[in-house]
>>> print(open('structure.txt').read())   # compact mmCIF, C-alpha atoms
# COMPACT_ATOMS: atom_id res chain seq x y z
CA MET T 281 131.75 131.84 74.81
CA PRO T 282 131.86 128.18 75.87
CA TRP T 283 132.55 125.54 73.27
CA ASP T 284 131.19 122.05 73.55
CA GLY T 285 132.00 119.79 70.65
CA GLN T 286 132.13 116.58 72.67
CA ARG T 287 129.93 113.84 71.37
CA ARG T 288 127.57 112.60 74.05
CA GLY T 289 126.67 109.24 72.56
CA ASP T 290 129.70 106.99 72.89
CA LEU T 291 130.01 104.39 70.18
CA VAL T 292 131.55 101.05 71.00
CA SER T 293 135.25 101.02 70.32
CA ARG T 294 136.37 99.31 67.17
CA ALA T 295 137.30 95.73 67.89
CA SER T 296 139.39 93.22 66.00
CA LYS T 297 137.68 91.87 62.90
CA ARG T 298 138.98 88.47 63.89
CA ALA T 299 136.89 88.04 67.05
CA ALA T 300 134.75 84.89 67.25
CA LEU T 301 131.18 84.93 65.96
CA VAL T 302 128.53 85.11 68.62
CA ALA T 303 126.07 82.86 66.87
CA ALA T 304 122.97 83.57 68.91
CA SER T 305 122.91 87.02 70.46
CA ALA T 306 119.64 88.88 70.95
CA LEU T 307 118.49 92.33 71.99
CA ILE T 308 115.01 92.46 73.49
CA VAL T 309 112.96 95.52 72.64
CA GLY T 310 109.97 96.92 74.46
CA LEU T 311 107.25 95.33 72.38
CA SER T 312 104.06 93.68 73.53
CA PRO T 313 104.43 89.90 73.56
CA VAL T 314 102.81 88.20 70.61
CA VAL T 315 100.74 85.15 71.47
CA ALA T 316 100.98 82.47 68.79
CA ALA T 317 99.23 79.15 68.64
CA GLN T 318 102.57 77.44 68.13
CA ALA T 319 106.00 79.03 68.05
CA ALA T 320 107.71 78.51 64.72
CA ALA T 321 110.89 76.50 64.91
CA PRO T 322 114.02 78.57 64.28
CA PRO T 323 115.69 77.88 60.95
CA ALA T 324 118.75 75.64 60.86
CA PRO T 325 121.68 75.86 58.46
CA PRO T 326 122.06 75.75 55.56
CA TYR T 327 119.95 78.92 55.33
CA GLN T 328 118.23 78.89 51.96
CA GLN T 329 116.37 82.14 52.59
CA CYS T 330 119.22 83.72 50.59
CA PRO T 331 120.13 82.78 47.01
CA ALA T 332 123.62 81.59 46.22
CA VAL T 333 125.68 84.70 45.43
CA GLY T 334 129.36 84.62 44.56
CA ALA T 335 131.27 82.48 47.04
CA ALA T 336 128.27 82.12 49.41
CA PRO T 337 125.88 79.20 48.75
CA GLY T 338 123.28 80.81 51.04
CA CYS T 339 122.92 83.11 54.04
CA GLU T 340 126.02 83.48 56.17
CA ILE T 341 124.02 85.25 58.90
CA MET T 342 120.37 84.60 59.74
CA LEU T 343 118.25 87.03 61.77
CA VAL T 344 115.20 85.52 63.44
CA VAL T 345 112.38 87.74 64.72
CA ASN T 346 110.99 85.71 67.62
CA ALA T 347 107.42 85.48 68.90
CA ASP T 348 108.17 87.93 71.74
CA GLY T 349 109.52 90.58 69.37
CA SER T 350 113.20 89.97 70.10
CA VAL T 351 115.68 89.35 67.31
CA SER T 352 118.15 86.46 67.45
CA VAL T 353 121.30 86.23 65.38
CA GLN T 354 122.46 82.89 64.01
CA GLY T 355 125.38 82.02 61.78
CA ASP T 356 126.42 79.25 59.42
CA PRO T 357 130.16 78.67 60.01
CA SER T 358 130.42 76.78 56.70
CA VAL T 359 129.54 79.92 54.68
CA GLY T 360 132.03 82.72 54.16
CA PRO T 361 131.84 86.21 52.66
CA TYR T 362 130.08 86.19 49.30
CA ASP T 363 132.80 88.41 47.78
CA GLY T 364 135.53 86.10 49.04
CA SER T 365 136.82 88.86 51.28
CA ASP T 366 134.67 90.64 53.84
CA ASP T 367 131.05 91.15 52.71
CA THR T 368 128.19 89.23 54.28
CA LEU T 369 124.94 87.84 52.89
CA VAL T 370 122.22 88.18 55.53
CA GLY T 371 118.77 86.63 55.68
CA ILE T 372 115.86 87.36 57.99
CA VAL T 373 112.73 85.38 58.84
CA ASN T 374 109.77 86.74 60.78
CA ASN T 375 108.58 84.13 63.29
CA SER T 376 106.40 86.64 65.16
CA GLY T 377 102.71 87.28 64.62
CA LYS T 378 103.13 90.87 63.46
CA PRO T 379 104.67 92.55 60.42
CA VAL T 380 108.20 93.87 60.96
CA THR T 381 108.88 97.28 59.44
CA ALA T 382 112.56 97.60 60.32
CA VAL T 383 115.49 96.06 62.16
CA THR T 384 118.74 97.68 63.19
CA VAL T 385 121.96 95.67 63.01
CA SER T 386 125.22 96.54 64.76
CA GLY T 387 128.64 94.95 64.87
CA PRO T 388 131.63 96.48 66.70
CA GLY T 389 134.50 97.08 64.32
CA SER T 390 132.56 95.72 61.35
CA ASP T 391 132.05 98.91 59.29
CA LEU T 392 128.92 97.12 58.11
CA SER T 393 127.38 100.27 56.57
CA GLY T 394 130.58 101.31 54.79
CA PHE T 395 129.19 100.31 51.40
CA ASP T 396 132.01 100.44 48.86
CA GLY T 397 130.45 99.29 45.61
CA ASP T 398 130.76 95.49 45.74
CA GLY T 399 127.21 94.68 46.82
CA ILE T 400 125.26 91.69 45.58
CA CYS T 401 123.88 93.79 42.69
CA SER T 402 127.25 95.16 41.60
CA GLY T 403 127.38 92.71 38.68
CA ALA T 404 130.62 91.16 39.96
CA TYR T 405 129.12 87.76 40.82
CA GLY T 406 127.52 86.65 37.57
CA ALA T 407 123.92 85.48 37.30
CA TRP T 408 122.14 84.35 40.45
CA ALA T 409 118.49 83.89 41.38
CA GLY T 410 117.25 87.47 41.60
CA SER T 411 120.14 89.19 39.81
CA ALA T 412 118.01 89.92 36.74
CA SER T 413 115.95 92.40 38.80
CA CYS T 414 118.97 94.27 40.19
CA PRO T 415 119.42 96.86 41.50
CA TYR T 416 116.96 96.77 44.38
CA GLY T 417 118.26 100.01 45.88
CA PRO T 418 120.86 102.75 45.45
CA THR T 419 123.73 101.03 47.31
CA GLY T 420 123.60 97.71 45.43
CA TYR T 421 123.55 95.84 48.75
CA GLU T 422 119.75 95.79 49.03
CA GLY T 423 117.71 92.65 48.38
CA PRO T 424 114.09 92.61 47.15
CA GLY T 425 111.84 94.81 49.28
CA THR T 426 114.63 96.14 51.49
CA SER T 427 116.30 99.54 51.93
CA PHE T 428 118.88 101.05 54.26
CA VAL T 429 119.11 104.05 56.55
CA THR T 430 122.69 104.81 57.61
CA SER T 431 124.64 107.58 59.34
CA PRO T 432 128.30 108.55 58.73
CA SER T 433 128.70 108.77 62.50
CA LEU T 434 127.49 105.17 62.98
CA PRO T 435 129.62 103.13 60.55
CA ASP T 436 129.06 99.93 62.53
CA SER T 437 125.25 100.12 62.38
CA ALA T 438 122.49 100.19 59.78
CA GLU T 439 118.71 100.32 59.76
CA VAL T 440 117.13 97.84 57.36
CA ASP T 441 113.60 98.77 56.26
CA PHE T 442 111.13 96.33 54.68
CA THR T 443 108.76 97.73 52.06
CA GLY T 444 105.21 97.24 53.30
CA GLY T 445 106.52 95.36 56.35
CA LEU T 446 107.94 91.84 56.51
CA ALA T 447 104.85 89.68 56.98
CA PRO T 448 104.58 86.96 59.67
CA GLY T 449 106.29 83.86 58.31
CA GLY T 450 107.98 85.91 55.58
CA SER T 451 111.68 86.17 54.83
CA ALA T 452 114.01 88.56 53.04
CA TYR T 453 117.70 88.95 52.35
CA PHE T 454 120.28 91.70 51.87
CA ALA T 455 124.03 92.22 52.10
CA LEU T 456 126.23 94.16 54.49
CA GLU T 457 129.77 95.42 54.26
CA GLY T 458 132.19 93.92 56.76
CA ALA T 459 133.18 90.43 57.85
CA LEU T 460 130.33 89.77 60.24
CA THR T 461 131.47 86.20 60.76
CA SER T 462 134.29 87.76 62.72
CA ALA T 463 132.36 90.32 64.73
CA GLU T 464 129.62 90.20 67.31
CA LEU T 465 126.44 91.11 65.49
CA THR T 466 123.33 92.20 67.36
CA ALA T 467 119.94 93.10 65.96
CA ARG T 468 116.74 94.67 67.23
CA GLN T 469 113.45 95.82 65.84
CA GLY T 470 113.14 99.53 65.23
CA PRO T 471 114.99 102.41 63.54
CA LEU T 472 118.60 103.52 63.72
CA GLY T 473 119.17 105.35 67.00
CA CYS T 474 119.97 109.00 67.41
CA ASP T 475 123.64 109.91 67.67
CA PRO T 476 123.09 112.59 70.32
CA VAL T 477 124.95 115.76 71.20
CA GLY T 478 124.33 117.72 74.40
CA GLY T 479 121.85 117.23 77.18
CA PRO T 480 122.11 115.07 80.30
CA ALA T 481 123.26 111.46 80.05
CA GLY T 482 120.29 109.33 79.11
CA GLY T 483 118.08 112.39 78.66
CA VAL T 484 116.87 114.47 75.73
CA PRO T 485 119.85 115.69 73.65
CA ASP T 486 120.15 119.09 72.02
CA TYR T 487 120.11 117.44 68.59
CA CYS T 488 121.12 114.33 66.67
CA ILE T 489 124.17 114.53 64.41
CA PRO T 490 122.87 115.17 60.87
CA GLN T 491 123.95 113.12 57.90
CA ASP T 492 125.29 116.27 56.25
CA TRP T 493 126.20 119.50 58.02
CA ASP T 494 125.81 121.48 54.78
CA VAL T 495 122.77 122.23 52.63
CA HIS T 496 122.78 122.18 48.84
CA THR T 497 121.37 124.56 46.25
CA ALA T 498 118.57 123.36 43.99
CA PRO T 499 119.41 122.21 40.46
CA GLY T 500 119.27 125.12 38.04
CA SER T 501 120.18 127.79 40.59
CA ALA T 502 122.20 130.61 39.08
CA ILE T 503 124.90 130.04 41.71
CA GLY T 504 125.36 126.42 42.76
CA GLY T 505 127.09 124.96 45.78
CA VAL T 506 126.69 124.41 49.51
CA GLU T 507 125.91 126.53 52.55
CA PRO T 508 126.43 125.68 56.24
CA LEU T 509 123.93 124.77 58.92
CA ASN T 510 125.21 127.35 61.40
CA LEU T 511 122.57 127.56 64.16
CA ILE T 512 120.48 124.95 65.98
CA ILE T 513 117.49 125.58 68.22
CA SER T 514 117.86 122.79 70.75
CA ALA T 515 115.38 119.96 71.16
CA ARG T 516 115.63 120.68 74.92
CA SER T 517 113.92 124.05 74.38
CA THR T 518 110.48 124.36 75.92
CA VAL T 519 109.29 127.08 73.52
CA PRO T 520 108.43 125.77 70.03
CA ALA T 521 110.53 127.09 67.17
CA SER T 522 107.41 128.43 65.42
CA THR T 523 106.59 130.54 68.52
CA ILE T 524 110.17 131.81 68.73
CA LEU T 525 110.22 132.84 65.09
CA ALA T 526 106.83 134.55 65.27
CA ALA T 527 108.13 136.68 68.15
CA MET T 528 111.41 137.71 66.47
CA PRO T 529 111.29 141.39 65.47
CA GLY T 530 111.00 142.01 61.75
CA TRP T 531 111.27 138.37 60.65
CA LYS T 532 108.56 137.10 58.31
CA PRO T 533 107.89 133.79 56.54
CA VAL T 534 108.36 134.03 52.77
CA ASP T 535 107.62 131.93 49.73
CA THR T 536 110.23 129.47 48.51
CA GLY T 537 111.30 129.39 44.89
CA THR T 538 114.32 129.61 42.67
CA PRO T 539 114.59 133.35 41.98
CA ASP T 540 116.02 132.99 38.48
CA THR T 541 113.18 130.70 37.40
CA THR T 542 110.36 131.69 39.77
CA PRO T 543 110.36 135.50 40.16
CA LYS T 544 107.84 135.38 43.00
CA GLY T 545 110.08 133.15 45.07
CA CYS T 546 111.66 135.28 47.79
CA LEU T 547 114.11 132.63 48.94
CA SER T 548 115.56 129.85 46.84
CA ALA T 549 114.89 126.22 47.70
CA GLU T 550 117.79 124.21 49.11
CA THR T 551 117.99 120.65 50.40
CA GLY T 552 119.36 119.34 53.68
CA GLN T 553 119.80 116.00 55.41
CA VAL T 554 119.06 116.39 59.12
CA THR T 555 116.59 113.50 59.45
CA GLY T 556 118.33 110.77 57.45
CA SER T 557 119.97 110.06 54.14
CA THR T 558 117.23 111.57 51.94
CA PRO T 559 117.77 115.25 50.99
CA VAL T 560 114.65 117.32 51.70
CA THR T 561 113.78 120.93 50.93
CA GLN T 562 113.72 123.36 53.85
CA ASP T 563 110.62 123.14 56.05
CA ALA T 564 110.37 126.92 56.43
CA SER T 565 111.88 130.08 54.95
CA TRP T 566 112.20 133.32 56.94
CA ARG T 567 113.51 136.71 55.87
CA LEU T 568 114.17 139.90 57.77
CA ASP T 569 111.53 142.46 56.67
CA GLY T 570 109.90 139.87 54.43
CA CYS T 571 110.13 139.72 50.66
CA LEU T 572 109.97 143.34 49.50
CA GLY T 573 111.63 144.76 52.61
CA GLY T 574 114.40 142.21 52.34
CA ASN T 575 115.09 143.34 48.80
CA TRP T 576 115.58 146.91 50.03
CA LEU T 577 117.85 145.72 52.83
CA SER T 578 119.97 143.83 50.31
CA LEU T 579 120.91 147.09 48.60
CA SER T 580 122.94 148.00 51.67
CA GLY T 581 124.07 144.48 52.55
CA ARG T 582 121.70 144.16 55.50
CA GLU T 583 119.42 141.40 54.23
CA ASN T 584 119.35 138.42 56.59
CA HIS T 585 117.47 135.25 55.86
CA ALA T 586 117.17 131.75 57.22
CA ARG T 587 116.28 128.33 55.89
CA LEU T 588 115.02 125.90 58.53
CA TRP T 589 114.83 122.11 58.78
CA GLN T 590 113.01 120.25 61.57
CA GLN T 591 114.61 117.19 63.17
CA PRO T 592 112.33 115.01 65.36
CA VAL T 593 114.00 114.05 68.65
CA GLN T 594 112.35 111.52 70.93
CA GLY T 595 111.32 112.95 74.31
CA SER T 596 111.47 116.58 73.21
CA THR T 597 108.49 118.61 74.46
CA VAL T 598 108.65 120.77 71.31
CA GLY T 599 109.03 117.86 68.91
CA GLY T 600 112.74 118.12 68.22
CA ALA T 601 115.55 120.38 67.07
CA THR T 602 115.47 123.08 64.38
CA PHE T 603 118.51 123.40 62.11
CA VAL T 604 119.08 126.83 60.57
CA ALA T 605 121.17 128.00 57.61
CA ALA T 606 121.38 131.78 58.02
CA SER T 607 123.27 134.34 55.94
CA PHE T 608 123.63 138.07 55.26
CA GLU T 609 123.39 138.97 51.58
CA THR T 610 123.95 141.93 49.27
CA ALA T 611 122.25 142.68 45.96
CA CYS T 612 124.41 141.67 43.02
CA VAL T 613 124.17 140.91 39.31
CA ILE T 614 125.11 137.80 37.40
CA THR T 615 126.19 139.10 34.02
CA LYS T 616 125.57 137.51 30.64
CA THR T 617 129.10 136.05 30.80
CA GLY T 618 128.40 134.48 34.21
CA ALA T 619 130.47 136.98 36.18
CA VAL T 620 129.10 138.06 39.55
CA VAL T 621 129.34 141.77 40.38
CA THR T 622 127.85 143.98 43.06
CA LEU T 623 124.92 146.13 42.04
CA ALA T 624 126.51 149.46 42.93
CA GLY T 625 128.48 150.86 40.00
CA HIS T 626 127.48 148.11 37.60
CA LEU T 627 124.04 149.15 36.45
CA ARG T 628 125.10 148.54 32.84
CA ASP T 629 125.34 144.85 33.66
CA LEU T 630 121.61 144.75 34.37
CA VAL T 631 121.03 144.46 30.64
CA GLY T 632 120.85 140.75 29.94
CA GLY T 633 121.97 139.87 33.44
CA LYS T 634 120.17 138.42 36.47
CA LEU T 635 119.55 140.18 39.75
CA TRP T 636 120.77 138.06 42.63
CA HIS T 637 121.61 138.27 46.31
CA CYS T 638 125.20 137.27 47.04
CA ILE T 639 126.67 136.19 50.38
CA ASP T 640 128.66 139.03 51.93
CA GLY T 641 132.42 138.67 51.46
CA SER T 642 134.69 137.08 54.02
CA GLN T 643 137.49 138.03 56.35
CA GLY T 644 138.63 134.55 57.37
CA SER T 645 136.96 131.48 58.82
CA PHE T 646 136.15 133.17 62.13
CA GLY T 647 136.01 136.73 60.90
CA SER T 648 133.10 138.82 59.73
CA ASN T 649 131.30 137.32 56.75
CA GLY T 650 127.77 136.69 55.55
CA TYR T 651 127.45 133.26 57.16
CA ASN T 652 128.82 134.21 60.58
CA ASN T 653 126.94 137.53 60.58
CA GLY T 654 123.71 135.82 59.57
CA ALA T 655 123.84 133.34 62.46
CA ASN T 656 124.98 135.95 64.98
CA GLN T 657 122.26 138.45 64.00
CA PHE T 658 119.65 135.69 64.06
CA LEU T 659 120.71 134.93 67.65
CA LEU T 660 120.60 138.64 68.62
CA ASP T 661 117.07 138.94 67.23
CA LEU T 662 116.07 135.77 69.05
CA GLU T 663 117.44 137.19 72.30
CA SER T 664 115.52 140.41 71.70
CA ALA T 665 112.30 138.41 71.35
CA ALA T 666 113.16 136.40 74.46
CA ARG T 667 113.55 139.55 76.59
CA ARG T 668 110.08 140.75 75.61
CA GLN T 669 108.57 137.31 76.19
CA HIS T 670 110.53 136.73 79.43
CA TRP T 671 112.17 133.60 78.05
CA ARG T 672 115.57 132.35 79.09
CA VAL T 673 118.18 131.85 76.35
CA ASP T 674 121.32 129.75 76.75
CA PHE T 675 123.76 129.22 73.91
CA ARG T 676 127.15 127.72 73.12
CA LEU T 677 129.34 126.97 70.10
CA ASP T 678 129.58 123.36 68.92
CA GLN T 679 132.02 121.89 66.47
CA ARG T 680 130.00 121.03 63.37
CA ALA T 681 131.97 117.78 63.00
CA ALA T 682 131.02 116.72 66.55
CA GLY T 683 130.91 112.96 66.83
CA THR T 684 131.52 112.28 63.17
CA GLY T 685 135.24 111.61 63.31
CA GLY T 686 135.46 113.61 60.09
CA LEU T 687 133.20 111.11 58.32
CA GLY T 688 130.21 113.40 57.86
CA ALA T 689 129.81 115.06 54.48
CA ASP T 690 131.16 118.65 54.59
CA SER T 691 131.19 118.38 58.37
CA GLY T 692 133.77 121.05 59.20
CA ALA T 693 134.85 124.39 57.78
CA GLY T 694 134.59 124.91 54.04
CA THR T 695 133.71 127.31 51.25
CA GLY T 696 130.15 128.27 50.40
CA LEU T 697 128.51 130.26 47.63
CA GLY T 698 130.63 132.97 46.06
CA GLN T 699 133.76 131.40 47.59
CA VAL T 700 132.80 132.72 51.03
CA PRO T 701 134.35 130.47 53.70
CA TYR T 702 132.24 129.23 56.58
CA SER T 703 133.20 128.29 60.11
CA ALA T 704 133.51 124.78 61.48
CA ARG T 705 131.23 125.78 64.36
CA ALA T 706 127.50 126.20 64.89
CA LEU T 707 125.53 128.11 67.54
CA VAL T 708 123.34 125.86 69.73
CA VAL T 709 120.50 127.78 71.39
CA THR T 710 118.14 126.57 74.12
CA VAL T 711 115.03 128.65 74.83
CA GLY T 712 112.82 128.20 77.88
CA PRO T 713 110.62 130.11 80.31
>>> encode(input="structure.txt", output="structure tokens")
Amino acid sequence: MPWDGQRRGDLVSRASKRAALVAASALIVGLSPVVAAQAAAPPAPPYQQCPAVGAAPGCEIMLVVNADGSVSVQGDPSVGPYDGSDDTLVGIVNNSGKPVTAVTVSGPGSDLSGFDGDGICSGAYGAWAGSASCPYGPTGYEGPGTSFVTSPSLPDSAEVDFTGGLAPGGSAYFALEGALTSAELTARQGPLGCDPVGGPAGGVPDYCIPQDWDVHTAPGSAIGGVEPLNLIISARSTVPASTILAAMPGWKPVDTGTPDTTPKGCLSAETGQVTGSTPVTQDASWRLDGCLGGNWLSLSGRENHARLWQQPVQGSTVGGATFVAASFETACVITKTGAVVTLAGHLRDLVGGKLWHCIDGSQGSFGSNGYNNGANQFLLDLESAARRQHWRVDFRLDQRAAGTGGLGADSGAGTGLGQVPYSARALVVTVGP
């Protein structure tokens, strides 16, 4: 079986943090030109769009959204990092005629999204104009009306979003990690780009590297922990995932709930991060033989189920990639003392205990276990559907840490629920006519 863990989107190599500032670099984006009665003059230092914070009397870096939609980068060489070390206070002014919803900033070698707790709202810089309303966001680097989207695989880039859009003539400020006075900073309108894996150069990739390769159980679940995303239906497929699933023999959509709190829930709710930094509950839940039939299958360890998350990918004819967390499970009991036992031979533990479905035991990272078996059987059922529908199926194994340099959360092999280890690899499946 071929293995392809090579990251297709090459990031710029890390450069010295002592390179000279490029004070006015711009990246033009494909936006319609904005016709203004009179172009606003670009701001000149000192940049008072930022308050004085710490060692910085104002903005060290100023982003200017120009009338044509491009973004220029200017710097004030008299202003240094606000923390006295390597963090940068950044301002932005919108000199275009349209609201700006987001900009993306990048700086080779800057680690500008490596937020480490010393943001402007960390409380380390005393009182400053605006500090009384801190924090403005979860990282402590946000300014009023701003938020960040980041990716562990893109440490030198960040998407900055503006709540309600930055109005024409308006300004905002925020902070970034990294000494941007000593790196080449570029900026453009629009969201953080996809960090692609697979597919032809410059074409539609199989998927974008997710923020977290593992999914997390819902609060209050009887067994808490993580499970792996172990199969991906490629964004290069030409058959929609919903059509594929509907054709798979025996698989049925089921209700989502937390079984120990919602008895009618056939599959517990878990959260994943395949579209950004915000954890979201699975988009769909599928179970072999449905709810009741799946319960019967669990008595003999043959229950297979899948949680699915959709990831939009630009250019995909089916809308994007589908990430799957699949697993084989066996009926078990969580006793009153919290011990987990198999159902067979432990009927006495039913009294006061909770019925549960436990991941089948393991035989090593690449051996037979509930996670590997779940993904493999899901693929076999998909291939069975493809033969009847005359679809073509291509698949390979990818390293789950592909392109992350080990930075992604739980990106490689690990241990899931019930101490069952999971593989560092995921099946990537492309389905077409």
>>> closest_atom_pairs(input="structure.txt", of="range 462-534 of chain T", to="range 703-706 of chain T", cutoff="8 Å", atoms="only C-alpha atoms", output="tab-separated table")
residue	atom	partner	partner_atom	distance
T:Leu509	CA	T:Ala706	CA	7.1
T:Asn510	CA	T:Ala706	CA	4.3
T:Leu511	CA	T:Ala706	CA	5.2
T:Ile512	CA	T:Ala706	CA	7.2
>>> atom_distance(input="structure.txt", atom1="CA of Cys339 in chain T", atom2="CA of Leu434 in chain T")
24.2 Å
>>> atom_distance(input="structure.txt", atom1="CA of Tyr327 in chain T", atom2="CA of Asp356 in chain T")
7.7 Å
>>> atom_distance(input="structure.txt", atom1="CA of Gly403 in chain T", atom2="CA of Cys330 in chain T")
17.0 Å
>>> closest_residue(input="structure.txt", among="T:Ser514, T:His585, T:Arg667, T:Leu659", to="Val598 in chain T", atoms="all atoms listed in the file")
T:Ser514
>>> residues_around(input="structure.txt", residues="range 486-494 of chain T", least_positions_apart="4", cutoff="6 Å", atoms="all atoms listed in the file", output="list in words")
Ser431, Cys474, Asp475, Pro476, Val477, Gly478, Gly479, Glu507, Pro508, Leu509, Ser514, Ala515, Arg516, Gln553, Val554, Ala601, Gly688, Ala689 and Ser691 of chain T
>>> residues_around(input="structure.txt", residues="Thr419 in chain T", least_positions_apart="3", cutoff="12 Å", atoms="all atoms listed in the file", output="number ranges by chain")
T: 393-402, 414-416, 422-423, 426-430, 454-457, 557
>>> residues_around(input="structure.txt", residues="Gly696 in chain T", least_positions_apart="2", cutoff="9 Å", atoms="only C-alpha atoms", output="JSON, numbers by chain")
{"T": [505, 506, 507, 508, 639, 651, 694, 698, 699, 700, 701, 702]}
>>> closest_residue(input="structure.txt", among="T:Asn653, T:Ala526, T:Gly692, T:Ala320", to="Ala666 in chain T", atoms="all atoms listed in the file")
T:Ala526
>>> residues_around(input="structure.txt", residues="range 654-657 of chain T", least_positions_apart="3", cutoff="9 Å", atoms="all atoms listed in the file", output="MDAnalysis selection string")
chainID T and resid 510:511 583:586 604:609 649:651 660:662 706:707
>>> residues_around(input="structure.txt", residues="Pro326 in chain T", least_positions_apart="3", cutoff="12 Å", atoms="all atoms listed in the file", output="list in words")
Pro323, Gln329, Cys330, Pro331, Ala332, Ala336, Pro337, Gly338, Cys339, Glu340, Ile341, Met342, Gln354, Gly355, Asp356, Pro357, Ser358, Val359 and Gly371 of chain T
>>> residues_near_point(input="structure.txt", point="(109.8, 129.1, 63.1)", cutoff="12 Å", atoms="only C-alpha atoms", output="ChimeraX atom specification")
/T:512-513,519-528,531-534,562-567,586-590,598,601-604,658,662
>>> closest_residue(input="structure.txt", among="T:Ala665, T:Val344, T:Val484, T:Val711", to="Val593 in chain T", atoms="all atoms listed in the file")
T:Val484
